[in-house]
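Chemist: Pasting coords-v4.cif below, which is mmCIF, C-alpha atoms.
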```cif
data_protein
#
loop_
_atom_site.label_atom_id
_atom_site.label_comp_id
_atom_site.auth_asym_id
_atom_site.auth_seq_id
_atom_site.Cartn_x
_atom_site.Cartn_y
_atom_site.Cartn_z
CA MET A 1 53.35 4.98 -5.27
CA ALA A 2 54.84 2.65 -2.63
CA ASP A 3 55.50 4.31 0.67
CA PRO A 4 59.15 3.68 1.69
CA ALA A 5 58.28 4.42 5.33
CA HIS A 6 55.99 1.38 5.35
CA PRO A 7 57.91 -1.71 4.19
CA ALA A 8 54.71 -3.78 4.01
CA SER A 9 53.36 -1.47 1.35
CA GLN A 10 56.33 -1.81 -1.02
CA GLY A 11 54.96 -2.27 -4.51
CA PHE A 12 51.41 -1.85 -3.29
CA ASP A 13 49.60 1.45 -3.47
CA PRO A 14 46.82 1.50 -0.85
CA ALA A 15 45.34 4.75 -2.17
CA ALA A 16 45.09 3.41 -5.73
CA ALA A 17 43.68 0.06 -4.52
CA ALA A 18 41.20 1.82 -2.25
CA ARG A 19 40.05 4.12 -5.06
CA MET A 20 39.60 1.13 -7.34
CA VAL A 21 37.67 -0.87 -4.73
CA ALA A 22 35.59 2.14 -3.72
CA ALA A 23 34.50 2.84 -7.30
CA PHE A 24 33.24 -0.69 -7.99
CA GLY A 25 29.82 -2.30 -7.50
CA HIS A 26 28.18 -1.76 -4.12
CA ASN A 27 30.89 0.61 -2.89
CA GLY A 28 30.49 2.69 -6.04
CA ALA A 29 26.70 2.72 -5.65
CA LEU A 30 27.09 3.95 -2.06
CA GLY A 31 29.52 6.64 -3.26
CA ALA A 32 32.18 5.87 -0.66
CA ARG A 33 35.39 7.87 -1.05
CA PHE A 34 38.96 7.10 0.01
CA VAL A 35 40.27 9.69 2.49
CA ALA A 36 43.56 8.55 4.02
CA HIS A 37 45.63 5.58 5.18
CA GLY A 38 48.50 4.60 7.50
CA GLU A 39 50.53 1.41 7.76
CA ASP A 40 47.65 -0.60 9.25
CA TRP A 41 44.56 1.56 8.72
CA SER A 42 42.40 3.23 6.12
CA GLU A 43 39.78 5.93 6.28
CA LEU A 44 36.79 6.32 3.97
CA ALA A 45 33.98 8.86 3.70
CA LEU A 46 30.31 8.32 2.94
CA ASP A 47 28.25 11.39 2.05
CA TYR A 48 24.71 11.71 3.34
CA ARG A 49 22.13 10.73 0.73
CA ALA A 50 18.35 10.57 0.80
CA ASP A 51 18.28 7.13 -0.83
CA LEU A 52 20.32 5.65 2.05
CA ILE A 53 17.85 6.70 4.74
CA GLY A 54 16.66 3.97 7.10
CA ASP A 55 14.01 5.92 8.98
CA GLU A 56 12.03 8.39 6.90
CA ALA A 57 10.52 10.19 9.89
CA SER A 58 13.93 11.23 11.27
CA GLY A 59 15.97 11.19 8.04
CA VAL A 60 18.65 9.10 9.79
CA LEU A 61 20.90 6.97 7.57
CA ALA A 62 20.24 3.23 7.66
CA SER A 63 22.74 1.12 9.55
CA GLY A 64 23.49 -1.02 6.48
CA PRO A 65 25.54 1.62 4.61
CA ILE A 66 27.64 2.14 7.76
CA ILE A 67 28.37 -1.61 7.98
CA ALA A 68 29.30 -1.62 4.28
CA LEU A 69 31.61 1.38 4.84
CA MET A 70 33.29 -0.30 7.82
CA ASP A 71 33.59 -3.61 5.96
CA MET A 72 35.38 -1.73 3.18
CA ALA A 73 37.60 0.39 5.48
CA THR A 74 38.72 -2.63 7.54
CA SER A 75 39.18 -4.74 4.40
CA ILE A 76 41.47 -2.11 2.88
CA ALA A 77 43.38 -1.98 6.20
CA VAL A 78 44.01 -5.74 5.85
CA TRP A 79 45.28 -5.30 2.28
CA ILE A 80 47.60 -2.52 3.45
CA ARG A 81 48.91 -4.75 6.24
CA ARG A 82 49.35 -7.66 3.79
CA GLY A 83 51.12 -5.33 1.38
CA ALA A 84 49.20 -6.81 -1.50
CA PHE A 85 45.78 -6.86 -3.11
CA LYS A 86 45.13 -10.58 -2.43
CA PRO A 87 41.84 -12.47 -2.03
CA GLN A 88 40.20 -12.35 1.37
CA ALA A 89 36.67 -12.67 2.74
CA THR A 90 34.89 -11.19 5.74
CA LEU A 91 34.22 -13.93 8.32
CA ASP A 92 32.26 -11.84 10.77
CA LEU A 93 31.62 -8.25 11.67
CA ARG A 94 30.04 -6.88 14.80
CA ILE A 95 28.91 -3.28 14.97
CA ASP A 96 27.68 -1.26 17.93
CA TYR A 97 25.54 1.70 16.97
CA LEU A 98 26.48 4.20 19.69
CA ARG A 99 24.13 6.88 18.40
CA ALA A 100 22.26 7.79 15.23
CA ALA A 101 24.30 9.58 12.55
CA THR A 102 23.22 13.21 12.24
CA PRO A 103 21.16 13.69 9.05
CA GLY A 104 23.06 15.68 6.44
CA ARG A 105 26.52 14.90 7.76
CA THR A 106 29.23 12.89 5.99
CA VAL A 107 30.17 9.69 7.82
CA ILE A 108 33.87 8.90 8.19
CA GLY A 109 34.83 5.24 8.65
CA HIS A 110 38.21 4.38 10.19
CA GLY A 111 39.27 0.73 9.86
CA GLU A 112 42.36 -0.85 11.43
CA CYS A 113 43.97 -4.29 11.09
CA TYR A 114 45.52 -4.83 14.53
CA ARG A 115 46.65 -8.43 14.03
CA LEU A 116 47.51 -10.38 10.92
CA THR A 117 48.20 -14.11 10.91
CA ARG A 118 48.76 -16.37 7.91
CA ARG A 119 45.08 -17.18 7.51
CA VAL A 120 43.12 -14.71 9.65
CA ALA A 121 43.15 -10.93 10.05
CA PHE A 122 41.65 -9.23 13.12
CA VAL A 123 40.15 -5.79 12.58
CA ARG A 124 38.49 -3.03 14.52
CA GLY A 125 37.25 0.41 13.67
CA MET A 126 34.98 3.30 14.37
CA ALA A 127 32.75 5.69 12.48
CA HIS A 128 32.00 9.32 13.25
CA ASP A 129 30.21 12.19 11.57
CA GLY A 130 32.61 15.05 12.20
CA ASP A 131 34.02 14.56 15.69
CA PRO A 132 36.17 11.44 16.23
CA ASP A 133 35.64 11.86 19.99
CA ASP A 134 31.89 11.43 19.51
CA PRO A 135 31.70 8.24 17.41
CA ILE A 136 28.48 6.89 15.93
CA ALA A 137 29.67 3.27 15.75
CA HIS A 138 32.37 0.83 16.82
CA VAL A 139 33.16 -2.36 14.90
CA ALA A 140 35.17 -5.54 15.43
CA GLY A 141 35.61 -8.37 13.00
CA THR A 142 37.76 -10.98 11.29
CA PHE A 143 38.78 -11.71 7.72
CA MET A 144 39.97 -14.98 6.21
CA MET A 145 42.81 -15.08 3.70
CA THR A 146 41.18 -17.11 0.94
CA ASP A 147 44.44 -17.66 -0.98
CA GLU A 148 46.04 -19.53 1.97
CA ALA A 149 45.54 -23.26 2.51
CA MET B 1 -1.48 -4.10 8.72
CA THR B 2 1.54 -6.24 7.87
CA VAL B 3 5.03 -5.37 6.75
CA CYS B 4 4.01 -6.46 3.28
CA GLU B 5 1.85 -3.37 3.09
CA THR B 6 4.28 -1.25 5.08
CA LYS B 7 6.60 0.96 3.10
CA LEU B 8 10.20 -0.19 3.25
CA PRO B 9 12.74 2.60 3.90
CA PRO B 10 14.62 4.29 1.01
CA TYR B 11 17.74 2.23 1.79
CA ALA B 12 15.78 -1.01 1.16
CA HIS B 13 14.71 0.35 -2.24
CA PHE B 14 18.33 1.31 -2.91
CA LEU B 15 19.26 -2.37 -2.41
CA GLY B 16 16.29 -3.46 -4.58
CA ILE B 17 14.68 -5.35 -1.67
CA THR B 18 11.06 -6.46 -1.86
CA VAL B 19 8.98 -8.27 0.76
CA GLU B 20 6.09 -10.70 0.68
CA ARG B 21 4.34 -12.93 3.17
CA ASP B 22 5.65 -16.50 3.29
CA GLY B 23 2.56 -18.30 4.57
CA ASP B 24 2.75 -18.73 8.34
CA ARG B 25 6.48 -18.13 8.37
CA GLY B 26 6.22 -14.36 8.36
CA PRO B 27 7.77 -11.81 6.00
CA LEU B 28 10.15 -13.07 3.32
CA PHE B 29 12.61 -10.54 1.95
CA GLN B 30 14.25 -10.75 -1.48
CA MET B 31 17.19 -8.93 -3.00
CA PRO B 32 17.97 -9.36 -6.73
CA PHE B 33 21.57 -9.52 -7.94
CA GLU B 34 22.49 -6.19 -9.51
CA THR B 35 25.69 -4.19 -9.99
CA ARG B 36 24.84 -2.06 -6.98
CA VAL B 37 25.14 -5.02 -4.57
CA VAL B 38 28.38 -6.49 -5.98
CA GLY B 39 31.53 -6.71 -3.86
CA ARG B 40 34.37 -8.51 -5.60
CA PRO B 41 33.44 -9.43 -9.19
CA HIS B 42 30.64 -12.05 -9.41
CA PHE B 43 29.95 -12.00 -5.64
CA LEU B 44 27.64 -10.10 -3.35
CA HIS B 45 29.15 -7.37 -1.15
CA GLY B 46 29.19 -8.25 2.57
CA GLY B 47 27.72 -4.83 3.30
CA ALA B 48 24.76 -5.47 0.99
CA ILE B 49 24.15 -8.88 2.64
CA ALA B 50 24.37 -7.24 6.08
CA GLY B 51 21.96 -4.53 4.88
CA LEU B 52 19.47 -7.16 3.71
CA LEU B 53 19.73 -9.02 7.06
CA GLU B 54 19.14 -5.78 8.98
CA ILE B 55 16.14 -4.86 6.82
CA ALA B 56 14.76 -8.37 7.45
CA ALA B 57 15.36 -8.14 11.22
CA VAL B 58 13.83 -4.68 11.61
CA GLY B 59 10.99 -5.40 9.17
CA THR B 60 10.05 -8.60 11.00
CA VAL B 61 9.91 -6.78 14.36
CA LEU B 62 7.80 -3.96 12.86
CA ASP B 63 5.52 -6.63 11.39
CA ALA B 64 5.16 -8.28 14.82
CA LEU B 65 4.31 -4.89 16.33
CA ALA B 66 1.86 -4.03 13.55
CA GLY B 67 -1.21 -2.36 14.90
CA GLU B 68 0.71 -0.60 17.65
CA ALA B 69 0.63 3.12 16.91
CA GLY B 70 3.77 5.24 17.07
CA VAL B 71 6.20 2.39 17.47
CA GLY B 72 9.82 2.85 16.44
CA VAL B 73 12.85 0.58 16.23
CA LYS B 74 16.47 1.60 16.71
CA PRO B 75 19.46 -0.72 16.21
CA ILE B 76 21.78 -1.19 19.22
CA ASN B 77 24.12 -3.67 17.62
CA VAL B 78 24.41 -6.41 15.03
CA THR B 79 26.80 -9.33 14.56
CA VAL B 80 26.98 -10.73 11.06
CA ASP B 81 28.54 -14.10 10.18
CA PHE B 82 29.44 -14.59 6.53
CA MET B 83 29.30 -18.31 5.79
CA ARG B 84 29.32 -18.65 2.02
CA GLY B 85 30.00 -16.32 -0.87
CA GLY B 86 26.82 -14.78 -2.27
CA ARG B 87 26.61 -15.67 -5.96
CA GLU B 88 25.00 -13.92 -8.94
CA ARG B 89 21.41 -14.78 -8.15
CA LEU B 90 18.41 -13.84 -6.05
CA THR B 91 19.03 -13.72 -2.29
CA PHE B 92 16.34 -14.39 0.31
CA ALA B 93 16.24 -13.36 3.95
CA ALA B 94 13.94 -14.02 6.88
CA ALA B 95 14.16 -13.30 10.59
CA THR B 96 13.06 -14.97 13.81
CA ILE B 97 12.30 -12.94 16.91
CA ALA B 98 13.98 -14.67 19.86
CA ARG B 99 12.45 -12.26 22.37
CA LEU B 100 10.13 -9.32 21.99
CA GLY B 101 10.20 -7.29 25.21
CA ASN B 102 8.84 -3.90 26.13
CA ARG B 103 12.05 -2.08 25.36
CA ILE B 104 14.33 -4.61 23.64
CA ALA B 105 13.91 -7.11 20.81
CA ASN B 106 16.46 -9.87 20.12
CA VAL B 107 16.30 -11.02 16.53
CA GLU B 108 18.09 -13.57 14.36
CA ALA B 109 18.11 -13.25 10.58
CA PHE B 110 19.33 -15.62 7.87
CA ALA B 111 20.11 -15.08 4.20
CA TRP B 112 20.20 -17.85 1.59
CA GLN B 113 20.07 -18.32 -2.16
CA ASP B 114 19.09 -21.70 -3.65
CA ASP B 115 18.69 -23.69 -0.47
CA ARG B 116 17.23 -22.35 2.76
CA SER B 117 19.20 -24.93 4.75
CA ARG B 118 22.48 -23.58 3.34
CA PRO B 119 22.62 -19.98 4.56
CA ILE B 120 25.14 -17.57 3.04
CA ALA B 121 25.02 -15.32 6.13
CA ALA B 122 23.36 -14.87 9.50
CA ALA B 123 22.90 -11.90 11.81
CA ARG B 124 22.03 -11.50 15.45
CA MET B 125 20.58 -8.10 16.13
CA THR B 126 19.61 -6.26 19.32
CA LEU B 127 17.01 -3.57 18.78
CA MET B 128 15.65 -0.86 21.03
CA LEU B 129 11.91 -0.31 20.82
CA ARG B 130 10.39 3.14 21.14
CA ARG B 131 6.77 2.80 22.03
CA ALA B 132 4.17 5.48 22.33
CA PRO B 133 3.43 6.20 26.02
CA GLN B 134 0.51 4.11 27.26
CA GLY B 135 -2.51 5.85 28.83
CA GLU B 136 -2.11 6.10 32.61
#
```
What does this structure look like when you write it as structure tokens?

Modeler:
Amino acid sequence: MADPAHPASQGFDPAAAARMVAAFGHNGALGARFVAHGEDWSELALDYRADLIGDEASGVLASGPIIALMDMATSIAVWIRRGAFKPQATLDLRIDYLRAATPGRTVIGHGECYRLTRRVAFVRGMAHDGDPDDPIAHVAGTFMMTDEA
Amino acid sequence: MTVCETKLPPYAHFLGITVERDGDRGPLFQMPFETRVVGRPHFLHGGAIAGLLEIAAVGTVLDALAGEAGVGVKPINVTVDFMRGGRERLTFAAATIARLGNRIANVEAFAWQDDRSRPIAAARMTLMLRRAPQGE
């Protein structure tokens, strides 16, 4: 289902691509779910799970699953902006952990591609666990278009 | 006590990570290639590589602080550089502590596969240390 309001997404269905990507391999093992998208962003959800805990004493999720979620959300945002499911690779990702995610809560990851060039995509995003005004993490990163010379 | 005897968190088990002591070099972390760490077909997921690097960074700091009761480590931030695609084989990771302060630790971690001098990814991590109050 191409969205006529978003010319870049003609012939490309971000929701279908996101569902496919989210179901596969590491994303599938984490159980990340596609939530929503716009013309340059995507939003995914990661449910709280005991096997993703990083600190057993507090029950707080490890930081790794949040990076993986943000890598996926920003990556999907780049595909949406490119209007195609083409090869790309994460060059770097920086994440600031503003506070610990509250145990038991679903984490929402919002990824945005704010600049796309021929070979590099610039992304940013944030994660929260219920209140977007009280984020748990901010990210910034870049992707390389591996199909471009 | 060393990290090799310390229990890794559930998330490390989820990734299949194990740890052993690499002579004088400190803890050496290993992550086998399995479906649960795959990104695009035949390659490791960046998130799984980042997870391994974070486990290595935190584990190495906890190892350095071994013997200190009630110590805790909290991530402030991490920057991960992905340098090569991770292929379908065992991945290693080790970390170097650049500075271990009273409240902050600055750590660098590397991940590689066949050749330690050809890293697939690196991370720079800033950690906050929570230490048990010292006797006055």

Chemist: Could you jot down the CA of Gly141 (chain A) to CA of Leu28 (chain B) separation for me, Å, one decimal place?

Modeler: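 So the answer is 27.6 Å.
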
Chemist: Which residues, named as in the file, does the PyMOL selection byres ((chain A) within 7 of (chain B)) pick out? Answer as a list in words.

Modeler: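 So the PyMOL selection byres ((chain A) within 7 of (chain B)), applied here, picks out Gly25, His26, Ala29, Asp51, Leu52, Ile53, Gly54, Asp55, Glu56, Ala62, Gly64, Pro65, Ile67, Ala68, Asp71, Thr90, Leu91, Asp92, Leu93, Arg94, Ile95, Asp96 and Tyr97 of chain A.
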
Chemist: Show me the residues around (4.8, 5.2, 22.0) - criterion: an atom at most 10 Å away, all atoms listed in the file counted - as a list in words.

Modeler: Glu68, Ala69, Gly70, Val71, Gly72, Leu129, Arg130, Arg131, Ala132, Pro133 and Gln134 of chain B

Chemist: When the PyMOL selection byres ((chain B and resi 57) around 8) is applied to the file above, which residues end up in the set, as JSON, numbers by chain?

Modeler: {"B": [53, 54, 55, 56, 58, 59, 60, 61, 94, 95, 96, 107, 108, 109, 125]}

Chemist: Apply the PyMOL selection byres ((chain A and resi 139) around 6) to the structure shown and report the selected residues as a list in words.

Modeler: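 So the PyMOL selection byres ((chain A and resi 139) around 6), applied here, picks out Arg94, Ile95, Arg124, Gly125, Met126, His138 and Ala140 of chain A.
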
Chemist: Here is a test: counting all atoms listed in the file, which residue of A:Ala45, A:Gln88, A:Gly83, A:Ala101 is nearest to Gly59 (chain A)?

Modeler: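 Under the stated criterion, the closest residue is A:Ala101.
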
Chemist: Record the distance separating CA of Ser42 (chain A) and CA of Phe143 (chain A), expressed in Å with one decimal.

Modeler: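 Separating CA of Ser42 (chain A) from CA of Phe143 (chain A) is a distance of 15.5 Å.
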
Chemist: Find the axis-aligned box for region 71-86 of chain B, covering all its listed atoms and adding 3 Å on each side, and write its centre and edge lengths in Å to one decimal as lines of an AutoDock Vina configuration file.

Modeler:
```
center_x = 18.1
center_y = -7.9
center_z = 8.5
size_x = 29.8
size_y = 27.5
size_z = 27.5
```

Chemist: Identify, on the basis of all atoms listed in the file, every residue whose closest approach to Ala17 (chain A) does not exceed 12 Å; exclude the query and any residue fewer than 3 positions from it along the same chain; express the result as a list in words.

Modeler: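 Non-adjacent residues within range: Met1, Ala2, Ser9, Gly11, Phe12, Asp13, Pro14, Met20, Val21, Ala22, Ala23, Phe24, Arg33, Phe34, His37, Ser42, Met72, Ala73, Ser75, Ile76, Ala77, Val78, Trp79, Ile80, Gly83, Ala84, Phe85 and Lys86 of chain A.
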
Chemist: Between A:Val60, A:Leu46, A:Ile136, A:Ala121, which one has atoms that come closest to Thr106 (chain A), using only C-alpha atoms?

Modeler: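 Using only C-alpha atoms, the shortest distance to Thr106 (chain A) belongs to A:Leu46.
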
Chemist: Find the residues near Ile17 (chain B): any atom within 8 Å, counting only C-alpha atoms, skip ones fewer than 6 places away on the same chain, and give them as a ChimeraX atom specification.

Modeler: /B:29-32,52

Chemist: Using CA of Asp47 (chain A) and CA of Cys113 (chain A) as the two end points, give the distance in Å to one decimal.

Modeler: 24.0 Å

Chemist: Go through B:Met128, B:Val19, B:Ala105, B:Ala64 and flag the residue nearest Thr91 (chain B), using all atoms listed in the file for the distances.

Modeler: B:Val19

Chemist: Check the smallest atom-to-atom distance from each of B:Asp114, B:Ile120, B:Ile97, B:Asn102 to Arg25 (chain B) using all atoms listed in the file, then report the winner.

Modeler: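 That would be B:Ile97, the residue with the smallest distance to Arg25 (chain B).
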